[in-house]
Structures are given as C-alpha cells and as structure tokens.
>>> print(open('start.txt').read())   # compact mmCIF, C-alpha atoms
# COMPACT_ATOMS: atom_id res chain seq x y z
CA MET A 697 -59.26 -52.55 -4.04
CA ALA A 698 -58.43 -51.99 -0.37
CA ARG A 699 -60.47 -53.71 2.33
CA ASN A 700 -62.81 -51.56 4.34
CA ARG A 701 -61.20 -51.35 7.81
CA VAL A 702 -64.51 -50.67 9.55
CA GLN A 703 -66.41 -53.49 7.87
CA PHE A 704 -63.73 -56.13 8.48
CA GLN A 705 -62.75 -55.53 12.11
CA LYS A 706 -62.03 -58.90 13.71
CA GLY A 707 -63.99 -59.75 16.82
CA LEU A 708 -66.34 -56.78 16.64
CA SER A 709 -69.83 -57.86 17.66
CA MET A 710 -72.95 -55.88 16.77
CA ALA A 711 -73.14 -54.56 20.35
CA GLN A 712 -69.50 -53.42 20.18
CA PHE A 713 -70.09 -51.87 16.76
CA MET A 714 -73.08 -49.92 18.06
CA LYS A 715 -71.11 -48.77 21.11
CA ARG A 716 -68.25 -47.54 18.89
CA TYR A 717 -70.20 -46.20 15.87
CA GLY A 718 -73.83 -46.10 17.04
CA THR A 719 -74.45 -42.36 16.76
CA GLU A 720 -73.82 -40.04 13.86
CA ASP A 721 -71.27 -38.10 15.94
CA GLN A 722 -69.36 -41.26 16.88
CA CYS A 723 -69.35 -42.45 13.27
CA HIS A 724 -68.19 -39.06 11.99
CA ALA A 725 -65.38 -38.90 14.56
CA ALA A 726 -64.20 -42.40 13.61
CA LEU A 727 -64.21 -41.58 9.88
CA VAL A 728 -62.29 -38.33 10.42
CA THR A 729 -59.73 -40.19 12.54
CA MET A 730 -59.32 -42.89 9.88
CA ARG A 731 -59.04 -40.35 7.05
CA TRP A 732 -56.74 -37.89 8.87
CA PRO A 733 -54.96 -39.78 11.69
CA ASP A 734 -52.72 -36.76 12.42
CA GLY A 735 -55.57 -34.26 12.06
CA PHE A 736 -56.57 -32.33 8.96
CA VAL A 737 -53.71 -30.46 7.32
CA CYS A 738 -54.23 -28.25 4.29
CA PRO A 739 -51.91 -29.45 1.49
CA ASP A 740 -51.17 -25.87 0.38
>>> encode(input="start.txt", output="structure tokens")
Amino acid sequence: MARNRVQFQKGLSMAQFMKRYGTEDQCHAALVTMRWPDGFVCPD
C-alpha cells in the first residue's frame, strides 16, 4: 500500500500543517491538487 503523502511529510510541524491544511477550503484544494496535478480532465 502506498504511503500517505500528507501524513508523512518530513519536517511539517503542527503549526505548519494547520497553516497549509487548516481550513476545509485549503484541505480541499490540496487534495484536488494531489489527485489531479494537471487539473481535472474527463477520460472520455
């Protein structure tokens, strides 16, 4: 199973985590960027 890139970020303190992912909008944006780094493209 692949490692969770968010959970295992080296050197990320709780304060840094909250700054990067502290709101629902920030978390959503980060997940979308991780899932679709080049933006969402319909496979059809």
>>> residues_near_point(input="start.txt", point="(-65.1, -44.6, 16.2)", cutoff="10 Å", atoms="only C-alpha atoms", output="CSV table (one decimal) with C-alpha atoms, keeping the file's coordinate frame")
chain,number,residue,atom,x,y,z
A,702,VAL,CA,-64.5,-50.7,9.6
A,713,PHE,CA,-70.1,-51.9,16.8
A,714,MET,CA,-73.1,-49.9,18.1
A,715,LYS,CA,-71.1,-48.8,21.1
A,716,ARG,CA,-68.2,-47.5,18.9
A,717,TYR,CA,-70.2,-46.2,15.9
A,718,GLY,CA,-73.8,-46.1,17.0
A,719,THR,CA,-74.4,-42.4,16.8
A,721,ASP,CA,-71.3,-38.1,15.9
A,722,GLN,CA,-69.4,-41.3,16.9
A,723,CYS,CA,-69.4,-42.4,13.3
A,724,HIS,CA,-68.2,-39.1,12.0
A,725,ALA,CA,-65.4,-38.9,14.6
A,726,ALA,CA,-64.2,-42.4,13.6
A,727,LEU,CA,-64.2,-41.6,9.9
A,728,VAL,CA,-62.3,-38.3,10.4
A,729,THR,CA,-59.7,-40.2,12.5
A,730,MET,CA,-59.3,-42.9,9.9
>>> atom_distance(input="start.txt", atom1="CA of Arg731 in chain A", atom2="CA of Arg701 in chain A")
11.2 Å
>>> atom_distance(input="start.txt", atom1="CA of Trp732 in chain A", atom2="CA of Asn700 in chain A")
15.6 Å
>>> build_atoms(input="start.txt", residues="range 706-739 of chain A", atoms="N, CA and C atoms", output="compact mmCIF listing (two decimals), in the coordinates of the input")
# COMPACT_ATOMS: atom_id res chain seq x y z
N LYS A 706 -61.91 -57.58 13.08
CA LYS A 706 -62.03 -58.90 13.71
C LYS A 706 -62.59 -58.76 15.11
N GLY A 707 -63.48 -59.67 15.46
CA GLY A 707 -63.99 -59.75 16.82
C GLY A 707 -64.93 -58.64 17.24
N LEU A 708 -65.44 -57.88 16.30
CA LEU A 708 -66.34 -56.78 16.64
C LEU A 708 -67.79 -57.27 16.52
N SER A 709 -68.44 -57.42 17.66
CA SER A 709 -69.83 -57.86 17.66
C SER A 709 -70.74 -56.67 17.32
N MET A 710 -72.00 -56.94 17.07
CA MET A 710 -72.95 -55.88 16.77
C MET A 710 -73.06 -54.90 17.94
N ALA A 711 -73.06 -55.42 19.17
CA ALA A 711 -73.14 -54.56 20.35
C ALA A 711 -71.90 -53.65 20.43
N GLN A 712 -70.73 -54.21 20.16
CA GLN A 712 -69.50 -53.42 20.18
C GLN A 712 -69.50 -52.38 19.06
N PHE A 713 -69.99 -52.79 17.89
CA PHE A 713 -70.09 -51.87 16.76
C PHE A 713 -70.99 -50.69 17.12
N MET A 714 -72.14 -50.98 17.71
CA MET A 714 -73.08 -49.92 18.06
C MET A 714 -72.50 -49.01 19.15
N LYS A 715 -71.73 -49.58 20.06
CA LYS A 715 -71.11 -48.77 21.11
C LYS A 715 -70.06 -47.83 20.50
N ARG A 716 -69.33 -48.33 19.51
CA ARG A 716 -68.25 -47.54 18.89
C ARG A 716 -68.76 -46.57 17.84
N TYR A 717 -69.75 -46.99 17.02
CA TYR A 717 -70.20 -46.20 15.87
C TYR A 717 -71.71 -45.94 15.87
N GLY A 718 -72.37 -46.12 16.99
CA GLY A 718 -73.83 -46.10 17.04
C GLY A 718 -74.50 -44.77 16.77
N THR A 719 -73.83 -43.66 17.04
CA THR A 719 -74.45 -42.36 16.76
C THR A 719 -73.75 -41.71 15.57
N GLU A 720 -74.40 -40.74 14.99
CA GLU A 720 -73.82 -40.04 13.86
C GLU A 720 -72.51 -39.34 14.27
N ASP A 721 -72.48 -38.77 15.46
CA ASP A 721 -71.27 -38.10 15.94
C ASP A 721 -70.11 -39.08 16.13
N GLN A 722 -70.40 -40.25 16.69
CA GLN A 722 -69.36 -41.26 16.88
C GLN A 722 -68.84 -41.75 15.53
N CYS A 723 -69.74 -41.98 14.60
CA CYS A 723 -69.35 -42.45 13.27
C CYS A 723 -68.51 -41.40 12.57
N HIS A 724 -68.92 -40.15 12.62
CA HIS A 724 -68.19 -39.06 11.99
C HIS A 724 -66.78 -38.95 12.58
N ALA A 725 -66.68 -39.00 13.90
CA ALA A 725 -65.38 -38.90 14.56
C ALA A 725 -64.46 -40.04 14.13
N ALA A 726 -65.00 -41.24 14.03
CA ALA A 726 -64.20 -42.40 13.61
C ALA A 726 -63.72 -42.24 12.17
N LEU A 727 -64.59 -41.77 11.28
CA LEU A 727 -64.21 -41.58 9.88
C LEU A 727 -63.14 -40.50 9.74
N VAL A 728 -63.29 -39.40 10.47
CA VAL A 728 -62.29 -38.33 10.42
C VAL A 728 -60.95 -38.85 10.92
N THR A 729 -60.96 -39.63 12.00
CA THR A 729 -59.73 -40.19 12.54
C THR A 729 -59.07 -41.15 11.56
N MET A 730 -59.87 -41.95 10.87
CA MET A 730 -59.32 -42.89 9.88
C MET A 730 -58.76 -42.15 8.67
N ARG A 731 -59.46 -41.09 8.24
CA ARG A 731 -59.04 -40.35 7.05
C ARG A 731 -57.83 -39.46 7.33
N TRP A 732 -57.81 -38.82 8.50
CA TRP A 732 -56.74 -37.89 8.87
C TRP A 732 -56.22 -38.26 10.25
N PRO A 733 -55.42 -39.33 10.38
CA PRO A 733 -54.96 -39.78 11.69
C PRO A 733 -54.15 -38.74 12.47
N ASP A 734 -53.49 -37.81 11.76
CA ASP A 734 -52.72 -36.76 12.42
C ASP A 734 -53.46 -35.43 12.41
N GLY A 735 -54.78 -35.48 12.17
CA GLY A 735 -55.57 -34.26 12.06
C GLY A 735 -55.53 -33.72 10.64
N PHE A 736 -56.50 -32.90 10.30
CA PHE A 736 -56.57 -32.33 8.96
C PHE A 736 -55.47 -31.30 8.77
N VAL A 737 -54.75 -31.42 7.67
CA VAL A 737 -53.71 -30.46 7.32
C VAL A 737 -53.94 -30.05 5.88
N CYS A 738 -54.05 -28.76 5.64
CA CYS A 738 -54.23 -28.25 4.29
C CYS A 738 -52.97 -28.53 3.48
N PRO A 739 -53.10 -29.11 2.28
CA PRO A 739 -51.91 -29.45 1.49
C PRO A 739 -51.20 -28.23 0.90
